[in-house]
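J.: Following this line is protein_30.txt, made up of compact mmCIF, C-alpha atoms and all ligand atoms:
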# COMPACT_ATOMS: atom_id res chain seq x y z
CA MET A 41 0.00 0.00 0.00
CA ARG A 42 1.17 3.52 -0.78
CA LEU A 43 0.61 6.47 1.58
CA PRO A 44 1.69 10.13 1.79
CA THR A 45 4.24 10.79 4.58
CA ILE A 46 5.16 13.84 6.67
CA PRO A 47 8.17 14.93 4.54
CA ASP A 48 5.77 15.10 1.56
CA LEU A 49 3.96 17.99 3.26
CA GLY A 50 6.92 20.24 2.48
CA ASP A 51 8.37 22.91 4.77
CA LEU A 52 6.38 22.91 8.03
CA GLY A 53 8.19 25.89 9.56
CA GLY A 54 5.61 28.22 11.14
CA ARG A 55 2.71 26.13 9.84
CA SER A 56 -0.19 24.82 11.86
CA VAL A 57 -0.76 21.06 11.93
CA LEU A 58 -3.95 19.27 13.00
CA LEU A 59 -2.87 15.85 14.31
CA ARG A 60 -5.55 13.17 14.76
CA ALA A 61 -4.29 10.67 17.32
CA ASP A 62 -5.95 7.78 19.12
CA LEU A 63 -5.47 8.76 22.77
CA ASN A 64 -8.41 6.62 23.88
CA VAL A 65 -6.57 5.32 26.96
CA PRO A 66 -7.99 3.48 29.97
CA LEU A 67 -8.67 5.78 32.96
CA HIS A 68 -8.70 4.82 36.64
CA ASP A 69 -9.79 7.24 39.39
CA GLY A 70 -9.45 10.18 37.00
CA GLU A 71 -5.88 9.29 35.98
CA VAL A 72 -4.44 7.60 32.91
CA ALA A 73 -4.08 3.90 33.79
CA ASP A 74 -1.99 2.94 30.74
CA ASP A 75 -0.28 5.67 28.72
CA THR A 76 0.93 3.43 25.85
CA ARG A 77 -1.19 5.16 23.21
CA ILE A 78 0.08 8.59 24.34
CA ARG A 79 3.73 7.49 24.28
CA GLU A 80 3.31 5.91 20.84
CA VAL A 81 2.33 9.21 19.22
CA VAL A 82 5.19 11.22 20.75
CA PRO A 83 7.71 10.49 17.94
CA THR A 84 5.29 11.94 15.37
CA ILE A 85 4.77 15.06 17.50
CA ALA A 86 8.56 15.38 17.91
CA VAL A 87 9.11 15.28 14.13
CA LEU A 88 6.47 17.96 13.57
CA VAL A 89 7.75 20.23 16.35
CA GLU A 90 11.34 19.76 15.17
CA ALA A 91 10.23 20.94 11.72
CA GLY A 92 8.95 24.15 13.29
CA ALA A 93 5.23 23.40 13.17
CA ARG A 94 2.57 24.34 15.70
CA VAL A 95 0.69 21.15 16.64
CA ASN A 96 -2.92 20.77 17.72
CA VAL A 97 -3.79 17.21 18.70
CA CYS A 98 -7.33 15.85 18.63
CA SER A 99 -8.72 12.49 19.81
CA HIS A 100 -11.78 10.75 21.17
CA LEU A 101 -11.88 9.24 24.67
CA GLY A 102 -14.37 6.55 25.71
CA ARG A 103 -17.99 6.54 24.64
CA PRO A 104 -19.59 9.79 25.84
CA LYS A 105 -22.68 9.52 23.59
CA GLY A 106 -22.34 12.78 21.66
CA ARG A 107 -22.49 15.21 24.56
CA PRO A 108 -20.04 16.56 27.15
CA ASP A 109 -19.55 14.11 30.02
CA PRO A 110 -17.08 14.82 32.85
CA ALA A 111 -16.27 11.09 33.06
CA PHE A 112 -14.59 11.40 29.64
CA ASP A 113 -12.90 14.76 30.11
CA MET A 114 -9.55 15.01 28.32
CA ALA A 115 -7.83 16.68 31.31
CA PRO A 116 -5.94 13.57 32.55
CA VAL A 117 -4.77 12.78 29.00
CA ARG A 118 -3.80 16.45 28.50
CA ARG A 119 -1.67 16.35 31.68
CA ARG A 120 0.14 13.18 30.58
CA LEU A 121 0.66 14.55 27.07
CA ALA A 122 2.08 17.78 28.52
CA ASP A 123 4.68 15.68 30.41
CA LEU A 124 5.64 13.63 27.36
CA ALA A 125 5.36 16.27 24.61
CA PRO A 126 5.37 19.77 26.12
CA GLY A 127 4.05 22.68 24.08
CA VAL A 128 1.33 21.00 22.05
CA ASP A 129 -2.40 21.57 22.49
CA LEU A 130 -5.05 18.87 22.85
CA LEU A 131 -8.61 19.68 21.79
CA ASP A 132 -11.71 18.56 23.71
CA ASN A 133 -12.97 14.98 23.39
CA LEU A 134 -14.16 14.69 19.77
CA ARG A 135 -17.08 12.46 20.81
CA PHE A 136 -18.61 15.26 22.91
CA ASP A 137 -20.00 16.31 19.49
CA PRO A 138 -22.53 13.88 17.92
CA ARG A 139 -21.24 14.86 14.48
CA GLU A 140 -17.97 12.96 15.10
CA GLU A 141 -19.44 9.46 15.04
CA ALA A 142 -21.98 10.52 12.40
CA GLY A 143 -19.07 11.39 10.07
CA ASP A 144 -20.49 14.90 9.53
CA PRO A 145 -18.34 17.01 7.15
CA ALA A 146 -19.42 20.16 9.03
CA LEU A 147 -17.44 19.01 12.08
CA ALA A 148 -14.40 18.28 9.91
CA ALA A 149 -14.62 21.79 8.44
CA ARG A 150 -14.69 23.27 11.95
CA LEU A 151 -11.72 21.13 13.03
CA VAL A 152 -9.46 22.09 10.13
CA ALA A 153 -10.17 25.83 10.43
CA GLY A 154 -6.91 27.66 11.11
CA HIS A 155 -4.73 24.68 10.15
CA ASP A 156 -2.49 24.30 7.10
CA VAL A 157 -2.02 20.52 7.00
CA PHE A 158 -3.43 17.35 8.56
CA VAL A 159 -1.52 14.37 9.92
CA SER A 160 -3.32 11.16 10.82
CA ASP A 161 -1.68 8.92 13.42
CA ALA A 162 -4.93 7.47 14.80
CA PHE A 163 -4.48 3.91 13.56
CA GLY A 164 -6.79 2.56 16.30
CA ALA A 165 -9.70 4.63 14.95
CA CYS A 166 -8.98 4.28 11.23
CA HIS A 167 -11.51 1.49 10.66
CA ARG A 168 -14.27 3.99 11.45
CA ALA A 169 -15.46 6.61 8.95
CA HIS A 170 -15.81 9.23 11.69
CA ALA A 171 -15.69 12.96 10.93
CA SER A 172 -12.16 13.59 12.24
CA ILE A 173 -10.80 10.53 10.39
CA VAL A 174 -12.25 10.88 6.89
CA GLY A 175 -13.11 14.61 6.78
CA PRO A 176 -9.82 16.54 7.15
CA PRO A 177 -7.97 14.75 4.29
CA ARG A 178 -10.61 16.07 1.89
CA LEU A 179 -9.88 19.62 3.01
CA LEU A 180 -6.14 19.82 3.72
CA PRO A 181 -2.92 18.29 2.35
CA SER A 182 -2.56 15.23 4.57
CA ALA A 183 -0.05 12.59 5.58
CA ALA A 184 0.22 9.45 7.68
CA GLY A 185 2.15 9.80 10.94
CA LEU A 186 5.01 7.53 12.00
CA LEU A 187 2.86 5.22 14.14
CA MET A 188 0.34 4.84 11.32
CA LEU A 189 3.11 3.80 8.91
CA VAL A 190 4.47 1.16 11.30
CA GLU A 191 1.02 -0.22 12.13
CA ALA A 192 -0.02 -0.43 8.48
CA ALA A 193 3.29 -2.02 7.44
CA GLU A 194 3.12 -4.68 10.17
CA ILE A 195 -0.41 -5.82 9.35
CA LEU A 196 -0.12 -5.53 5.56
CA SER A 197 3.08 -7.56 5.50
CA LEU A 198 1.17 -10.39 7.23
CA ARG A 199 -1.13 -10.40 4.21
CA ARG A 200 1.62 -10.03 1.67
CA ALA A 201 4.60 -12.16 2.60
CA PRO A 202 4.51 -13.78 6.06
CA ARG A 203 7.44 -16.01 6.99
CA ARG A 204 5.91 -19.51 7.11
CA PRO A 205 4.43 -21.36 8.78
CA PHE A 206 2.04 -18.47 9.45
CA VAL A 207 -0.02 -19.22 12.58
CA VAL A 208 -3.08 -17.18 13.60
CA VAL A 209 -4.45 -17.47 17.15
CA LEU A 210 -7.97 -16.15 17.65
CA GLY A 211 -9.93 -15.90 20.87
CA GLY A 212 -12.14 -13.36 22.57
CA ALA A 213 -15.80 -13.03 23.13
CA LYS A 214 -17.95 -12.56 20.08
CA VAL A 215 -17.85 -14.96 17.18
CA ALA A 216 -20.18 -12.66 15.21
CA ASP A 217 -17.58 -9.82 15.20
CA LYS A 218 -14.75 -12.09 14.14
CA LEU A 219 -16.23 -14.51 11.58
CA GLY A 220 -15.10 -12.31 8.70
CA VAL A 221 -11.57 -12.33 10.08
CA VAL A 222 -11.65 -16.10 10.63
CA GLU A 223 -12.68 -16.60 7.03
CA ALA A 224 -10.05 -14.16 5.73
CA VAL A 225 -7.17 -15.65 7.74
CA CYS A 226 -8.17 -19.18 6.72
CA SER A 227 -6.95 -18.36 3.23
CA MET A 228 -3.72 -16.63 4.41
CA ALA A 229 -2.51 -18.72 7.33
CA ASP A 230 -1.12 -22.24 7.51
CA ILE A 231 -2.81 -22.91 10.87
CA VAL A 232 -5.66 -21.08 12.62
CA LEU A 233 -5.98 -21.86 16.35
CA VAL A 234 -9.35 -20.97 17.88
CA GLY A 235 -10.03 -20.50 21.62
CA GLY A 236 -11.88 -18.05 23.86
CA ALA A 237 -15.63 -17.82 24.10
CA MET A 238 -15.88 -17.86 20.31
CA CYS A 239 -14.65 -21.46 20.12
CA PHE A 240 -17.92 -22.75 21.57
CA THR A 241 -20.02 -21.82 18.55
CA PHE A 242 -17.46 -23.73 16.46
CA LEU A 243 -17.45 -26.69 18.88
CA ALA A 244 -21.28 -26.77 18.81
CA ALA A 245 -21.16 -26.61 15.00
CA ALA A 246 -18.77 -29.58 15.04
CA GLY A 247 -21.33 -31.57 17.08
CA HIS A 248 -19.84 -31.25 20.59
CA ASP A 249 -21.82 -30.70 23.77
CA ILE A 250 -21.04 -27.20 25.04
CA GLY A 251 -23.12 -27.15 28.24
CA ALA A 252 -23.85 -23.57 29.39
CA SER A 253 -20.99 -22.00 27.35
CA LEU A 254 -21.51 -18.85 25.29
CA CYS A 255 -22.88 -19.75 21.87
CA ASP A 256 -24.16 -17.68 18.96
CA PRO A 257 -26.96 -19.75 17.38
CA ASP A 258 -27.30 -17.26 14.48
CA HIS A 259 -23.78 -18.13 13.32
CA LEU A 260 -23.77 -21.91 13.80
CA GLU A 261 -24.34 -22.44 10.08
CA ASP A 262 -21.43 -20.12 9.14
CA CYS A 263 -19.13 -21.97 11.55
CA ARG A 264 -20.28 -25.31 10.15
CA ALA A 265 -19.50 -24.10 6.61
CA LEU A 266 -16.02 -22.91 7.61
CA LEU A 267 -15.26 -26.25 9.29
CA ALA A 268 -16.56 -28.18 6.28
CA ALA A 269 -14.45 -26.15 3.82
CA GLY A 270 -11.29 -27.97 4.81
CA HIS A 271 -9.62 -24.88 6.29
CA PRO A 272 -6.65 -25.34 8.66
CA LEU A 273 -8.82 -24.54 11.71
CA GLN A 274 -7.92 -26.16 15.05
CA LEU A 275 -10.42 -26.25 17.91
CA PRO A 276 -9.61 -27.07 21.55
CA GLU A 277 -9.33 -30.74 22.50
CA ASP A 278 -9.72 -30.07 26.19
CA LEU A 279 -11.43 -27.35 28.23
CA VAL A 280 -11.69 -25.89 31.72
CA GLY A 281 -15.31 -25.55 32.86
CA LEU A 282 -17.08 -23.64 35.60
CA GLY A 283 -19.80 -25.66 37.31
CA PRO A 284 -23.44 -24.75 38.03
CA GLY A 285 -23.83 -21.86 40.48
CA GLY A 286 -20.42 -20.35 39.69
CA ARG A 287 -19.95 -16.90 38.21
CA LEU A 288 -17.11 -15.64 35.96
CA GLY A 289 -14.98 -13.05 37.73
CA GLU A 290 -16.44 -13.95 41.14
CA PRO A 291 -14.45 -16.82 42.69
CA ALA A 292 -16.20 -16.11 46.02
CA ALA A 293 -19.55 -17.06 44.47
CA GLY A 294 -18.37 -20.69 44.38
CA GLY A 295 -18.94 -23.21 41.61
CA ALA A 296 -16.61 -26.10 40.86
CA VAL A 297 -13.74 -25.78 38.34
CA ARG A 298 -12.91 -28.92 36.38
CA GLN A 299 -11.10 -30.10 33.26
CA PHE A 300 -12.94 -31.82 30.43
CA GLY A 301 -12.27 -33.07 26.92
CA ALA A 302 -14.05 -31.32 24.04
CA ASN A 303 -17.52 -31.99 25.56
CA LEU A 304 -19.05 -30.28 28.58
CA PRO A 305 -21.89 -31.62 30.75
CA ASP A 306 -25.19 -29.74 31.03
CA GLY A 307 -24.92 -26.62 33.17
CA TRP A 308 -21.12 -26.30 32.83
CA LEU A 309 -19.65 -23.18 31.23
CA GLY A 310 -16.47 -23.44 29.17
CA ALA A 311 -14.22 -20.69 30.55
CA ASP A 312 -10.70 -21.56 29.30
CA ILE A 313 -8.88 -23.90 26.95
CA GLY A 314 -7.51 -26.93 28.79
CA PRO A 315 -3.82 -27.58 29.55
CA GLY A 316 -3.43 -30.06 26.67
CA THR A 317 -4.77 -27.54 24.14
CA ALA A 318 -2.65 -24.75 25.65
CA ALA A 319 0.49 -26.92 25.36
CA SER A 320 -0.33 -27.86 21.79
CA PHE A 321 -1.01 -24.20 20.83
CA ALA A 322 2.33 -23.28 22.47
CA ASP A 323 4.16 -25.96 20.44
CA THR A 324 2.60 -24.67 17.22
CA ILE A 325 3.66 -21.11 18.12
CA ALA A 326 7.21 -22.27 18.92
CA ASP A 327 7.56 -23.79 15.42
CA ALA A 328 5.97 -20.85 13.55
CA GLY A 329 7.64 -18.35 11.23
CA THR A 330 5.01 -15.69 11.90
CA VAL A 331 2.26 -15.48 14.55
CA PHE A 332 -0.71 -13.11 14.72
CA TRP A 333 -2.72 -13.21 17.97
CA ASN A 334 -6.02 -11.54 18.78
CA GLY A 335 -8.35 -12.31 21.67
CA PRO A 336 -7.78 -14.02 25.03
CA LEU A 337 -8.16 -17.82 25.05
CA GLY A 338 -10.32 -17.77 28.18
CA ALA A 339 -12.00 -15.49 30.70
CA PHE A 340 -8.50 -14.43 31.80
CA GLU A 341 -9.59 -11.58 34.11
CA ASP A 342 -10.65 -14.37 36.49
CA PRO A 343 -7.43 -16.03 37.77
CA ARG A 344 -9.13 -19.46 37.66
CA PHE A 345 -9.33 -19.16 33.86
CA ALA A 346 -6.13 -17.26 32.99
CA ALA A 347 -3.85 -20.26 32.36
CA GLY A 348 -4.62 -20.76 28.65
CA THR A 349 -4.04 -17.09 27.82
CA ALA A 350 -0.87 -17.03 29.97
CA THR A 351 0.57 -20.13 28.24
CA VAL A 352 -0.08 -18.65 24.79
CA ALA A 353 1.36 -15.26 25.84
CA GLU A 354 4.54 -16.91 27.16
CA ALA A 355 4.87 -18.99 23.98
CA LEU A 356 4.59 -15.77 21.96
CA ALA A 357 7.30 -14.14 24.06
CA GLU A 358 9.64 -17.12 23.61
CA THR A 359 9.21 -18.12 19.97
CA ARG A 360 11.72 -16.99 17.35
CA ALA A 361 8.80 -16.24 15.01
CA HIS A 362 7.82 -12.69 14.03
CA THR A 363 4.96 -11.99 16.47
CA VAL A 364 2.16 -9.46 16.01
CA VAL A 365 -0.56 -8.94 18.63
CA GLY A 366 -3.79 -7.25 17.61
CA GLY A 367 -4.35 -5.12 20.69
CA GLY A 368 -7.52 -4.85 22.75
CA ASP A 369 -7.88 -7.35 25.57
CA SER A 370 -5.04 -9.55 24.30
CA GLY A 371 -2.70 -6.55 24.51
CA ALA A 372 -3.94 -5.84 28.04
CA ALA A 373 -3.26 -9.48 28.99
CA LEU A 374 0.30 -9.26 27.62
CA THR A 375 0.91 -5.95 29.38
CA SER A 376 -0.40 -7.29 32.71
CA MET A 377 2.03 -10.21 32.39
CA GLY A 378 4.94 -7.86 31.68
CA LEU A 379 5.37 -9.34 28.19
CA ALA A 380 4.33 -6.37 26.03
CA ARG A 381 7.94 -5.76 24.96
CA SER A 382 8.61 -9.42 24.19
CA VAL A 383 6.56 -9.46 20.98
CA SER A 384 7.70 -8.03 17.65
CA HIS A 385 4.71 -5.68 17.36
CA LEU A 386 1.87 -4.90 19.76
CA SER A 387 -0.74 -2.94 17.85
CA THR A 388 -2.43 0.10 19.42
CA GLY A 389 -5.60 -0.84 17.54
CA GLY A 390 -7.61 -3.98 18.27
CA GLY A 391 -10.54 -3.57 15.87
CA ALA A 392 -8.43 -1.67 13.33
CA SER A 393 -5.76 -4.37 13.09
CA LEU A 394 -8.42 -7.05 12.55
CA ALA A 395 -10.20 -4.96 9.92
CA LEU A 396 -6.94 -4.23 8.07
CA LEU A 397 -5.94 -7.89 8.17
CA GLU A 398 -9.37 -8.87 6.84
CA HIS A 399 -9.83 -6.21 4.13
CA GLY A 400 -6.31 -5.00 3.30
CA ASP A 401 -7.47 -1.37 3.61
CA LEU A 402 -9.25 0.96 6.05
CA PRO A 403 -11.43 4.06 5.51
CA GLY A 404 -8.82 6.22 7.30
CA LEU A 405 -6.05 4.99 4.98
CA ALA A 406 -8.06 5.23 1.76
CA VAL A 407 -8.81 8.92 2.44
CA LEU A 408 -5.10 9.66 2.84
CA ARG A 409 -4.38 8.19 -0.59
CA ALA A 410 -7.28 10.13 -2.14
CA SER A 411 -6.03 13.28 -0.42
CA ALA A 412 -2.56 12.83 -1.91
CA GLU A 413 -4.12 12.68 -5.36
CA ARG A 414 -6.26 15.78 -4.72
CA PHE A 415 -3.34 17.84 -3.39
CA SER A 416 -0.69 16.31 -5.69
CA LEU A 417 1.44 14.78 -2.93
CA PRO A 418 3.66 11.77 -3.72
CA LEU A 419 2.94 8.33 -2.25
CA HIS A 420 5.36 5.86 -0.67
CA GLU A 421 5.19 2.10 -0.37
CA VAL A 422 4.70 1.26 3.33
CA ASP A 423 4.90 -2.55 3.47
CA GLU A 424 8.24 -3.33 1.93
CA ARG A 425 9.58 -5.03 5.08
CA ASP A 426 10.56 -8.67 4.51
P1 LIG A 501 -9.96 -8.46 22.13
O1 LIG A 501 -10.27 -7.16 22.82
O2 LIG A 501 -8.55 -8.92 22.42
O3 LIG A 501 -10.27 -8.41 20.66
P2 LIG A 501 -12.55 -9.53 22.85
O4 LIG A 501 -12.99 -8.17 23.24
O5 LIG A 501 -13.17 -10.14 21.65
O6 LIG A 501 -10.94 -9.59 22.74
O7 LIG A 501 -12.85 -10.56 24.03
C1 LIG A 501 -12.27 -10.42 25.30
C2 LIG A 501 -13.18 -10.97 26.37
O8 LIG A 501 -13.53 -12.31 26.09
C3 LIG A 501 -12.49 -10.98 27.72
O9 LIG A 501 -13.20 -10.10 28.58
C4 LIG A 501 -12.63 -12.42 28.20
O10 LIG A 501 -12.98 -12.52 29.57
C5 LIG A 501 -13.74 -12.95 27.34
N1 LIG A 501 -13.68 -14.41 27.20
C6 LIG A 501 -12.71 -15.14 26.64
N2 LIG A 501 -12.98 -16.45 26.71
C7 LIG A 501 -14.17 -16.58 27.36
C8 LIG A 501 -14.99 -17.68 27.74
N3 LIG A 501 -14.62 -18.93 27.47
N4 LIG A 501 -16.15 -17.41 28.35
C9 LIG A 501 -16.52 -16.14 28.60
N5 LIG A 501 -15.79 -15.05 28.28
C10 LIG A 501 -14.62 -15.26 27.66
MG MG A 502 -12.12 -6.27 23.57
What does this structure look like when you write it as structure tokens?
T.:
Amino acid sequence: MRLPTIPDLGDLGGRSVLLRADLNVPLHDGEVADDTRIREVVPTIAVLVEAGARVNVCSHLGRPKGRPDPAFDMAPVRRRLADLAPGVDLLDNLRFDPREEAGDPALAARLVAGHDVFVSDAFGACHRAHASIVGPPRLLPSAAGLLMLVEAAEILSLRRAPRRPFVVVLGGAKVADKLGVVEAVCSMADIVLVGGAMCFTFLAAAGHDIGASLCDPDHLEDCRALLAAGHPLQLPEDLVGLGPGGRLGEPAAGGAVRQFGANLPDGWLGADIGPGTAASFADTIADAGTVFWNGPLGAFEDPRFAAGTATVAEALAETRAHTVVGGGDSGAALTSMGLARSVSHLSTGGGASLALLEHGDLPGLAVLRASAERFSLPLHEVDERD
């Protein structure tokens, strides 16, 4: 894929830059709980400031439903940004305005007023055609920031030329959200390992008893078709179940915890992959050339069901393969285990990395290419890494 880059914007001395970042960080007690997304955009800010530009940063934070909400005030993010990149301004939460999520060009016009160029470094929001993502490139000469280039290159090179065997590990909650990705990776990867809550719709489709596990009956047929198509999909061979009366995330509520094969008795909820499956997934990861991982393999926030995710995370940290993690809850699991730096690339965008892997393009990238054409900026190949 070809994108316009910051040097293509010409001399930035004395010019005003609108920078769209994804500073949607977790907050705890009114403070930033994890500043990764803020730190990741600092190199782009540094390049712009070094070039003599004035920088105004904009981002969304949380889901404030289109009106100002003190719970999603940018003040804690602004304080952290001021520590890491002094001298830049951060606008109010974009989602305080309902026009942001509606993709309203009127909001984009208001945002770009007073700016000379636009830089997009909001990879994590690029799968959404929101006003601040798709609007400014139509109005100003625009370029991808440094983080955006790295994120795009990492995911696109998985599609283009992964070192083989290419292993994809998918977990997480909703099979409905990820079926498109499962189907897409089935034609790219050599092995697709499936765990997490989403494996139960597949197990049910394969004829197993899934007890009280999460299941999406509307997608049973799709799962059955994927299994029948001869794809390299691997489902768990053993499981850890939570017995009747137990509640996920509440060990004090009781409920037995037991290991099973690929079938669960009535009333039992499948909450993690079993130790045999975890060991086999780890072996596959150890022998891989490239691994992409998205979605925890079990309800890992509950320590009783964290073992499968922990085993896979450790295997990812140890393998010699090129390892890419798709962010979201899997990134949080890696970070909580102190393994975030042990993978080749931890994406700042969960949904965006999945969408780019599935489709090979995102609305927020397509507008940058169209903008380059409109404003006659050159384009550069981003995924030439081997
Ligand atoms: P990601 O953010 O990495 O894409 P998801 O948001 O799709 O992942 O899913 C993460 C959630 O899935 C976690 O909160 C985890 O507790 C839950 N989960 C994983 N496996 C199970 C399971 N077997 N039963 C219930 N919840 C599960
Ligand atoms: Mg999630």
J.: So how far away is atom O7 of ligand LIG 501 (chain A) from atom CA of A:Ser376, in Å?
T.: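 About the pair atom CA of A:Ser376 and atom O7 of ligand LIG 501 (chain A): they are 15.5 Å apart.
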J.: Within 8 Å of ligand MG 502 (chain A), counting all atoms listed in the file, which protein or nucleic acid residues do you find, written as a PyMOL selection string?
T.: chain A and resi 212-213+335+368-370+390
J.: List all protein, DNA and RNA residues that have at least one atom no more than 8 Å from any atom of ligand LIG 501 (chain A), counting all atoms listed in the file, and write them as number ranges by chain.
T.: A: 211-214, 217-218, 235-240, 253-254, 288, 309-313, 334-342, 366-372, 390-391
J.: Just want the 10 Å neighbourhood of A:Gln299, counted on all atoms listed in the file, with same-chain residues fewer than 6 positions away dropped. Output as a PyMOL selection string.
T.: chain A and resi 278-282+310+312-315
J.: Output C-alpha atoms for every residue in the selection just made, as a PDB file, in the coordinates of the input.
T.:
ATOM      1  CA  ASP A 278      -9.720 -30.070  26.190  1.00  0.00           C
ATOM      2  CA  LEU A 279     -11.430 -27.350  28.230  1.00  0.00           C
ATOM      3  CA  VAL A 280     -11.690 -25.890  31.720  1.00  0.00           C
ATOM      4  CA  GLY A 281     -15.310 -25.550  32.860  1.00  0.00           C
ATOM      5  CA  LEU A 282     -17.080 -23.640  35.600  1.00  0.00           C
ATOM      6  CA  GLY A 310     -16.470 -23.440  29.170  1.00  0.00           C
ATOM      7  CA  ASP A 312     -10.700 -21.560  29.300  1.00  0.00           C
ATOM      8  CA  ILE A 313      -8.880 -23.900  26.950  1.00  0.00           C
ATOM      9  CA  GLY A 314      -7.510 -26.930  28.790  1.00  0.00           C
ATOM     10  CA  PRO A 315      -3.820 -27.580  29.550  1.00  0.00           C
TER      11      PRO A 315
END
J.: Tell me, as a PyMOL selection string, which residues lie within 10 Å of A:Pro177, counting all atoms listed in the file; anything in the same chain fewer than 5 positions away does not count.
T.: chain A and resi 148+152+157-160+172+182-183+404-412+414-415
J.: May I have the centre and edge lengths, in Å to one decimal, of an axis-aligned box around the listed atoms of stretch 360-366 of chain A with 3 Å added to every side, as AutoDock Vina command-line options?
T.:
--center_x 4.0 --center_y -12.1 --center_z 16.3 --size_x 21.5 --size_y 15.7 --size_z 10.6
J.: Take atom CA of A:Ala229 and atom CA of A:Thr349 and report the distance between them in Å, one decimal.
T.: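 Separation of atom CA of A:Ala229 and atom CA of A:Thr349: 20.6 Å.
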J.: What would the list of residues within 9 Å of (-3.6, -27.5, 22.0) (file frame) look like as number ranges by chain, if all atoms listed in the file are what count?
T.: A: 233, 274-278, 313-324
J.: Within 12 Å of A:Ala115, counting all atoms listed in the file, which residues show up once you throw out same-chain ones fewer than 4 positions away? Write them as an mmCIF file with C-alpha atoms, in the coordinates of the input, please.
T.:
data_model
loop_
_atom_site.group_PDB
_atom_site.id
_atom_site.type_symbol
_atom_site.label_atom_id
_atom_site.label_comp_id
_atom_site.auth_asym_id
_atom_site.auth_seq_id
_atom_site.Cartn_x
_atom_site.Cartn_y
_atom_site.Cartn_z
ATOM 1 C CA LEU A 63 -5.470 8.760 22.770
ATOM 2 C CA LEU A 67 -8.670 5.780 32.960
ATOM 3 C CA GLY A 70 -9.450 10.180 37.000
ATOM 4 C CA GLU A 71 -5.880 9.290 35.980
ATOM 5 C CA VAL A 72 -4.440 7.600 32.910
ATOM 6 C CA LEU A 101 -11.880 9.240 24.670
ATOM 7 C CA PRO A 110 -17.080 14.820 32.850
ATOM 8 C CA ALA A 111 -16.270 11.090 33.060
ATOM 9 C CA ARG A 119 -1.670 16.350 31.680
ATOM 10 C CA ARG A 120 0.140 13.180 30.580
ATOM 11 C CA LEU A 121 0.660 14.550 27.070
ATOM 12 C CA ALA A 122 2.080 17.780 28.520
ATOM 13 C CA ASP A 129 -2.400 21.570 22.490
ATOM 14 C CA LEU A 130 -5.050 18.870 22.850
ATOM 15 C CA LEU A 131 -8.610 19.680 21.790
ATOM 16 C CA ASP A 132 -11.710 18.560 23.710
ATOM 17 C CA ASN A 133 -12.970 14.980 23.390
#
J.: Tell me, in Å to one decimal, how far atom CA of A:Asn64 is from atom CA of A:Cys166.
T.: 12.9 Å
J.: Here is a test: counting only C-alpha atoms, which residue of A:His248, A:Ala61, A:Arg344, A:Asp327 is nearest to A:Gly289?
T.: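 For A:Gly289, the nearest of the given residues is A:Arg344.
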J.: When you look at stretch 261-270 of chain A with a cut-off of 7 Å (counting only C-alpha atoms), what residues show up, excluding the ones that are within fewer than 3 positions of it in the same chain? I need them as a PyMOL selection string.
T.: chain A and resi 242+245-246
J.: Please, could you write that set of residues out with C-alpha atoms as a PDB file, in the frame of the given file?
T.:
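Everything below was put into selection37.pdb:
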ATOM      1  CA  PHE A 242     -17.460 -23.730  16.460  1.00  0.00           C
ATOM      2  CA  ALA A 245     -21.160 -26.610  15.000  1.00  0.00           C
ATOM      3  CA  ALA A 246     -18.770 -29.580  15.040  1.00  0.00           C
TER       4      ALA A 246
END
